Amino acid sequence: MDSNYSLPEVLHGVPKVTPGDILLPGEDAASDGSTKFPNTYGLPELGFGINREVVQIGRRMKIGVVFGGGTAPGSVEVLVGLSNYLKRWNSTSSFIGFKGGLKGLIEGEYVTIDDVIIDKLLHEEGLGCIGTGVHNPTGADLHRCGEVCQRLGLSGLLVVGGTGFMTFALQLSEHFAANKIQTSVLGTSKRMEVALQKSESKPEISFGFDSVTKLFSFLVGNLCADVASAQSSYHIIRLMGDEKSGSLSLEVALDTHPNVVFINEEVSHNNWSLEELIEMTCDVICERAKSGKNYGIILLPEGLLNSIETTNTLMDDITDAISGKSVTSFKEVVSALPEASRAEALKLPEWFVEQIIKQRKTHINEVHTAQIQVERLYGMLLDKELQKRRSLGTFIGKKFSFQSHFYGYEARCAMPSQFDCELASAIGCAAGTLFEQKYNGYLVGMRGLSRPVTDWEPVATPLTSMLVFNKRTKSVEIGNNTVRLDGYPYQALQMLRQGWVNDQYRFSVGTLSDQVCTTAQLSDLQYAHQSEKLMRPEEKVKELFDAVKRLSIQENSFLNQRLSFVPPVPSVLRGSCGLEEVSIISTMQDSIKKTLKGLFPATFTDTKAFKVGHNTSMQPTSAGKPLRIGIVLSGGPAPGGHNVISGLHDYLKTRNMDSVLFGFLKGPSGLLTGEVLRINDDILRNFRNQGGFNMIGTSRTKIESLEQFQKTKHQVTRLRLNGLVICGGDDSNTNAALLADYFVNEKVPCQVVGMPKTIDADLRSDALEMSFGFDTATKAYSQLLANVMQDCLVRADRWHFVRLMGRSASHIAVEVALQTRPNYTIVSEEVENKQITIMTIVKEIADLVSYRYKHGKPYGVVVVPEGLIEVSKDMKILVAELNELLAKGGDVESQLTPDSAAVYKRVPDWLRTQLLSERDPHGNVRVSLIESERLLASLVGEELVKRNDPCSKDFKFWCHFFGYQGRCALVSNFDCIYTYSLGHLAGALVEGGATGVIGAIRNLTSNIEKWELLGIPLTSLMRIERRHGKDKPVIEKKLVDLKGHVFSTFARLRNEWAVNDSYPKRKDLRGGHLSGVHDNYPTQTLKMEYPANNKLPSKI
């Protein structure tokens, strides 16, 4: 059992609990609080100290634990701490966990928690067998809870939850005290936000906050790397949190430095309108555009709408309009609104108002703000305002492009950070101490969290002291702890945010960080200053400034380890090496060969490749000839690009220190303009083993015309390059082959070598086993999906529809499915092969939802490939027609064929808007903008209602898109080693005189010494497409082979996954990409397609 967590020193022995000052709520809640809670009002705060006296301890106790609301990392560790306390002082003590939250407490359903269950919770299920839930308690519920606690003989009941559940804990403690029920009630907050305020001077941080903010920082940091790499769009990110508190967004902002961030409290305090927020954000976008920066990061809190007076009023008025009525349509609801709210609603898109109408919390008629796509609305309003400014000449940037994201459930059941493990365990232990001494009506927490664990201060605060008056419900309740605008964390934001308008991004390592969160450090500094009566104000400001500066640049030990890690390479690359020509087996048709020979007269071959081998006839390594090589990163980022550069640099320098490596800035664009960075050790130091392409950038510029070839020739000649290495996908490498042939014909003495870069894994062949980035991206996505699955098991009340990046090929979806075992996975190739329609898929999912519901499982996970919209029988034809009609211009809808028009009318309005959005450079729909997962989820809901299925009333869903946060993720060990070797291979191929080839490594699942290093002719991977009346050479994409071993294995297992909960166990998450990165093992796809014991054919 993993329970060896450090504890505060006072909890090692027999703590002395000392009453302190009486704590009362604010004036607005004092009168009602004292009236409603007479038995628990006016209690003192409790402190813990080391007891120097001999005391009697160790009475036999039976403790119950109940979890409420959303999940949070560290929940299991609370149980560990309580269990350890009980076992230490009386081995006959016991405790139980009520199943499904408050419902289990009311009905008396529980699980007896012993060492076996604790071990199971830690390593397999998380809170799975106990669970949590949302329930709005009544007076009768309090009575039933009392009866259950008396019947079970509970000494104490620990209530774990957020503000709503803490209000219930207070009600319960008051009810028990008033009715002489001998069960002490304690609460502890597990919100992801900073926890409830205990006193004016010393708030605490709840367990889960550290883990969640670090994971969110990891994801936002990945997006920072993405925009810094591609420099082509804005990412607008909304973070799950409290509707009234921006603590979580504040912490993530301080960790990642976005260009724009707003905090709920400042929006409310300044009475900013949505229009004012848009204008302020546009000011930043316009300012950045002046320096050529048409990209950035915008961070929004979940409760933004609640903080804006007009939208908050609109939500309240909509709630009133639909309360107890059957009114649900946009027109009916809007017409029923007061005039001011009606005007506000009509200013907003209809789809957005419909979300406010329809997205309701399960236990109460309130807007479920987490489900409202504020980030998408925000992007659309920015675009509208920027178009207006462009017409006025005040915006000179490129066309505004954005991607919207919402992060939430990915983190709620993430593995807890070490900090949260120790915090939660200490809280559980402190709760045991208070139960021992029969305290009732308190919230348990810790103070001084920036100090070592041994110096933490356990504290218990009266729940009544946290009461506030809710003006809407006209009653008192436990209040949220909001960000103090005079607090040091917010002051730090104010000091730094103006500088963030420029690029000062930070890339987080998430829960791998060993740093205490910034909020805790700055808050503790502020409280230390408050007790320093003799310290001058200017001294405090200087100390705060120094702390902020230190925290904004502080190093992380794990990050330093990654930067200093030197990946191994095959021994053939460590000494003198050379190239030998080897034969490859060709299956190319003669007609294609003939055409390709005409297009590549100087370099075509489909039967000869190069192999790197030891060359004993060569001079010693240190005496190799100096080389001048340029490298280009082309297309979308993929984890490992920096290690290709590092490997190439190290190869050159170990052979001759006079060799030079140039990085072309902004991808192929820099190759045309000659913008280069001369790469050296100092530059590489901060990029080794890191994700992203932000060292030199990338772009999607295509070098394919004669004029572009001539410009490239000029730059290559000017820099006197011996070689040009192009890292890219199928398009980039096709153009690399054309460029290589052009150079040979033009007698340009520069070898052109391609590198296989794409997370989609569709650039492969028999000799080219894997493209780089696939390993990292799929492990990152699998980790996030496994977190969602843990949440699925604990809440057991909703379906998650998850769209994964991967346009043409579904390798990512299949690989993630093999790693995580979701209930339903769509494979684009199968959909296209069988000509399956969207409605067929919808009906299959509806069947599964109904089946699982009947078997007590109203939850599940559906995985959707990004390219589904382009391959399903009905949508495929519609999308193709839209692409063509949008290229021509004019009214699109009236020109659709009857069948496509029928499909178009059937889809929701919001999807029609997305289908008509701006096309990519090829004239195709941008699939990353099409929410196919939301389409499926909504259609499944409609299908269940149409069937009058009993589960339709309980069908709830959540949608996710895992894409950009994976393609710039921290590189897995496998990809680190693979790409570093690819960089060496690129150097060897250039030095050996190979051109028009792509670097390939065989036997990747074997020991590194068995890796076989090859240069495969790019022309051998090609086929011919007829485009615009001309033969066009293209590298053929490798799609999922429906007859292959990988898909067959997946197909054999998916029926079992559908009906069972085969999700990864909690122990598996510890070794996952985001939890460890120490993963040298290749993907399931690679292991199945190329097992380690495969025998090499005589011909490759």
# chains A, B, ... in the order shown; residues from 1 in each chain; ligands from 1
$ residues_around --residues "Phe801 of chain A" --least-positions-apart "5" --cutoff "8 Å" --atoms "only C-alpha atoms" --output "list in words"
Val861, Val862, Val863, Val864, Glu933, Arg934, Ala937, Phe957, Trp958, Cys959 and His960 of chain A
$ select_by_dssp --residues "segment 380-528 of chain A" --states "strand (DSSP E or B)" --output "list in words"
Phe402, Gln403, Ser404, His405, Phe406, Tyr407, Tyr442, Leu443, Val444, Gly445, Met446, Arg447, Glu457, Pro458, Val459, Ala460, Thr461, Pro462, Leu467, Val468, Phe469, Asn470, Ser475, Val476, Glu477 and Ile478 of chain A
$ residues_around --residues "His855 of chain A" --least-positions-apart "3" --cutoff "12 Å" --atoms "only C-alpha atoms" --output "mmCIF file with C-alpha atoms, in the first residue's frame"
data_model
loop_
_atom_site.group_PDB
_atom_site.id
_atom_site.type_symbol
_atom_site.label_atom_id
_atom_site.label_comp_id
_atom_site.auth_asym_id
_atom_site.auth_seq_id
_atom_site.Cartn_x
_atom_site.Cartn_y
_atom_site.Cartn_z
ATOM 1 C CA LEU A 848 -24.907 0.640 -26.354
ATOM 2 C CA VAL A 849 -26.045 3.486 -24.087
ATOM 3 C CA SER A 850 -29.367 1.714 -23.566
ATOM 4 C CA TYR A 851 -27.713 -1.663 -22.917
ATOM 5 C CA ARG A 852 -25.285 -0.305 -20.347
ATOM 6 C CA PRO A 858 -25.327 4.996 -17.189
ATOM 7 C CA TYR A 859 -21.874 6.090 -18.329
ATOM 8 C CA CYS A 951 -32.403 6.008 -20.249
ATOM 9 C CA VAL A 1059 -20.163 -3.782 -22.196
ATOM 10 C CA ASN A 1060 -17.490 -3.956 -19.480
ATOM 11 C CA ASP A 1061 -15.465 -1.316 -17.667
#
$ residues_around --residues "segment 220-226 of chain A" --least-positions-apart "6" --cutoff "10 Å" --atoms "only C-alpha atoms" --output "CSV table (one decimal) with C-alpha atoms, in the first residue's frame"
chain,number,residue,atom,x,y,z
A,214,LYS,CA,-0.2,21.6,-12.6
A,232,SER,CA,-0.5,31.0,-37.0
A,233,SER,CA,-3.4,31.2,-34.6
A,234,TYR,CA,-4.7,32.0,-31.2
A,235,HIS,CA,-5.7,29.4,-28.6
A,236,ILE,CA,-8.6,30.5,-26.4
A,237,ILE,CA,-8.7,28.3,-23.3
A,239,LEU,CA,-10.5,26.3,-17.4
A,252,VAL,CA,-2.2,28.6,-14.2
A,253,ALA,CA,-1.5,32.1,-15.5
A,255,ASP,CA,2.7,29.3,-14.2
A,256,THR,CA,2.4,29.7,-18.0
A,257,HIS,CA,2.3,33.4,-18.8
A,258,PRO,CA,-0.5,33.7,-21.4
A,259,ASN,CA,-0.8,36.9,-23.5
A,295,TYR,CA,-0.8,34.2,-32.6
A,296,GLY,CA,-1.2,33.9,-28.8
A,297,ILE,CA,-2.8,32.4,-25.7
A,298,ILE,CA,-6.0,33.7,-24.1
A,299,LEU,CA,-7.0,32.3,-20.8
A,405,HIS,CA,-10.5,24.6,-25.7
A,407,TYR,CA,-10.1,21.8,-19.8
A,503,ASP,CA,6.1,36.2,-25.7
A,504,GLN,CA,7.2,35.2,-22.2
A,505,TYR,CA,5.6,31.7,-22.3
A,506,ARG,CA,6.5,29.1,-19.8
A,507,PHE,CA,6.2,25.4,-20.5
A,508,SER,CA,5.2,23.4,-17.5
A,509,VAL,CA,6.0,19.8,-16.7
A,510,GLY,CA,2.7,19.4,-14.8
A,636,GLY,CA,2.3,21.0,-37.8
A,637,PRO,CA,4.6,20.4,-34.7
A,638,ALA,CA,5.3,16.9,-33.5
A,690,GLN,CA,11.6,19.2,-25.1
A,691,GLY,CA,8.4,19.3,-27.1
A,692,GLY,CA,7.4,21.9,-29.7
A,693,PHE,CA,9.2,23.4,-32.7
A,694,ASN,CA,9.6,26.8,-31.0
A,695,MET,CA,13.4,26.9,-31.2
A,697,GLY,CA,9.5,27.5,-35.7
A,698,THR,CA,7.6,25.9,-38.5
A,963,GLY,CA,-5.4,17.5,-30.3
A,964,TYR,CA,-3.1,20.5,-30.0
A,965,GLN,CA,-2.2,19.7,-26.3
A,966,GLY,CA,-0.6,16.5,-27.5
A,967,ARG,CA,1.4,17.6,-30.6
A,968,CYS,CA,3.7,19.8,-28.5
A,969,ALA,CA,3.8,17.6,-25.4
A,970,LEU,CA,6.9,16.8,-23.3
$ atom_distance --atom1 "atom CA of Glu243 of chain A" --atom2 "atom CA of Thr511 of chain A"
24.4 Å
$ residues_around --residues "segment 535-549 of chain A" --least-positions-apart "3" --cutoff "12 Å" --atoms "only C-alpha atoms" --output "PyMOL selection string"
chain A and resi 254-255+487-497+518-519+521-532+552-554
$ decode --residues "segment 131-154 of chain A" --atoms "N, CA, C and O atoms" --output "CSV table (one decimal), in the first residue's frame"
chain,number,residue,atom,x,y,z
A,131,GLY,N,-17.3,6.0,-4.9
A,131,GLY,CA,-18.0,6.9,-5.8
A,131,GLY,C,-18.3,8.2,-5.0
A,131,GLY,O,-18.1,8.4,-3.8
A,132,THR,N,-18.9,9.1,-5.8
A,132,THR,CA,-19.4,10.4,-5.3
A,132,THR,C,-20.7,10.7,-6.1
A,132,THR,O,-21.1,9.9,-6.9
A,133,GLY,N,-21.3,11.8,-5.7
A,133,GLY,CA,-22.6,12.1,-6.4
A,133,GLY,C,-23.1,13.5,-6.1
A,133,GLY,O,-22.5,14.2,-5.2
A,134,VAL,N,-24.0,13.9,-6.8
A,134,VAL,CA,-24.6,15.2,-6.6
A,134,VAL,C,-26.1,15.0,-6.2
A,134,VAL,O,-26.9,14.3,-6.8
A,135,HIS,N,-26.4,15.6,-5.1
A,135,HIS,CA,-27.8,15.5,-4.5
A,135,HIS,C,-28.1,16.7,-3.7
A,135,HIS,O,-27.3,17.1,-2.9
A,136,ASN,N,-29.3,17.3,-3.9
A,136,ASN,CA,-29.7,18.4,-3.1
A,136,ASN,C,-30.5,18.0,-1.9
A,136,ASN,O,-31.6,17.5,-2.0
A,137,PRO,N,-29.9,18.0,-0.7
A,137,PRO,CA,-30.5,17.4,0.5
A,137,PRO,C,-31.7,18.2,1.0
A,137,PRO,O,-31.8,19.4,0.8
A,138,THR,N,-32.6,17.5,1.6
A,138,THR,CA,-33.8,18.1,2.2
A,138,THR,C,-33.8,17.9,3.7
A,138,THR,O,-32.9,17.2,4.2
A,139,GLY,N,-34.8,18.5,4.4
A,139,GLY,CA,-34.8,18.3,5.8
A,139,GLY,C,-35.0,16.8,6.2
A,139,GLY,O,-34.5,16.3,7.2
A,140,ALA,N,-35.8,16.1,5.4
A,140,ALA,CA,-36.1,14.7,5.6
A,140,ALA,C,-34.8,13.9,5.4
A,140,ALA,O,-34.5,12.9,6.1
A,141,ASP,N,-33.9,14.3,4.5
A,141,ASP,CA,-32.6,13.7,4.3
A,141,ASP,C,-31.8,13.8,5.5
A,141,ASP,O,-31.1,12.8,5.9
A,142,LEU,N,-31.8,14.9,6.2
A,142,LEU,CA,-31.0,15.1,7.4
A,142,LEU,C,-31.4,14.1,8.5
A,142,LEU,O,-30.6,13.5,9.2
A,143,HIS,N,-32.7,13.9,8.6
A,143,HIS,CA,-33.3,13.0,9.6
A,143,HIS,C,-32.8,11.5,9.2
A,143,HIS,O,-32.4,10.8,10.1
A,144,ARG,N,-32.9,11.2,7.9
A,144,ARG,CA,-32.5,9.8,7.5
A,144,ARG,C,-31.0,9.6,7.8
A,144,ARG,O,-30.6,8.5,8.2
A,145,CYS,N,-30.2,10.6,7.5
A,145,CYS,CA,-28.8,10.5,7.7
A,145,CYS,C,-28.5,10.3,9.2
A,145,CYS,O,-27.6,9.4,9.6
A,146,GLY,N,-29.2,11.0,10.0
A,146,GLY,CA,-29.1,10.8,11.5
A,146,GLY,C,-29.4,9.3,11.9
A,146,GLY,O,-28.7,8.7,12.7
A,147,GLU,N,-30.5,8.8,11.4
A,147,GLU,CA,-30.9,7.4,11.7
A,147,GLU,C,-29.8,6.4,11.2
A,147,GLU,O,-29.5,5.5,11.9
A,148,VAL,N,-29.3,6.6,10.0
A,148,VAL,CA,-28.2,5.7,9.5
A,148,VAL,C,-27.0,5.8,10.4
A,148,VAL,O,-26.4,4.7,10.8
A,149,CYS,N,-26.6,7.0,10.8
A,149,CYS,CA,-25.4,7.1,11.6
A,149,CYS,C,-25.6,6.5,13.0
A,149,CYS,O,-24.6,5.8,13.5
A,150,GLN,N,-26.8,6.6,13.5
A,150,GLN,CA,-27.1,6.0,14.8
A,150,GLN,C,-27.1,4.5,14.7
A,150,GLN,O,-26.6,3.7,15.5
A,151,ARG,N,-27.8,4.0,13.6
A,151,ARG,CA,-27.9,2.6,13.4
A,151,ARG,C,-26.5,1.9,13.2
A,151,ARG,O,-26.3,0.8,13.7
A,152,LEU,N,-25.6,2.6,12.5
A,152,LEU,CA,-24.3,2.0,12.3
A,152,LEU,C,-23.3,2.3,13.4
A,152,LEU,O,-22.2,1.8,13.4
A,153,GLY,N,-23.8,3.1,14.4
A,153,GLY,CA,-22.9,3.4,15.5
A,153,GLY,C,-21.7,4.2,15.2
A,153,GLY,O,-20.6,3.9,15.7
A,154,LEU,N,-21.8,5.2,14.3
A,154,LEU,CA,-20.7,5.9,13.9
A,154,LEU,C,-20.2,6.9,14.9
A,154,LEU,O,-21.0,7.7,15.5
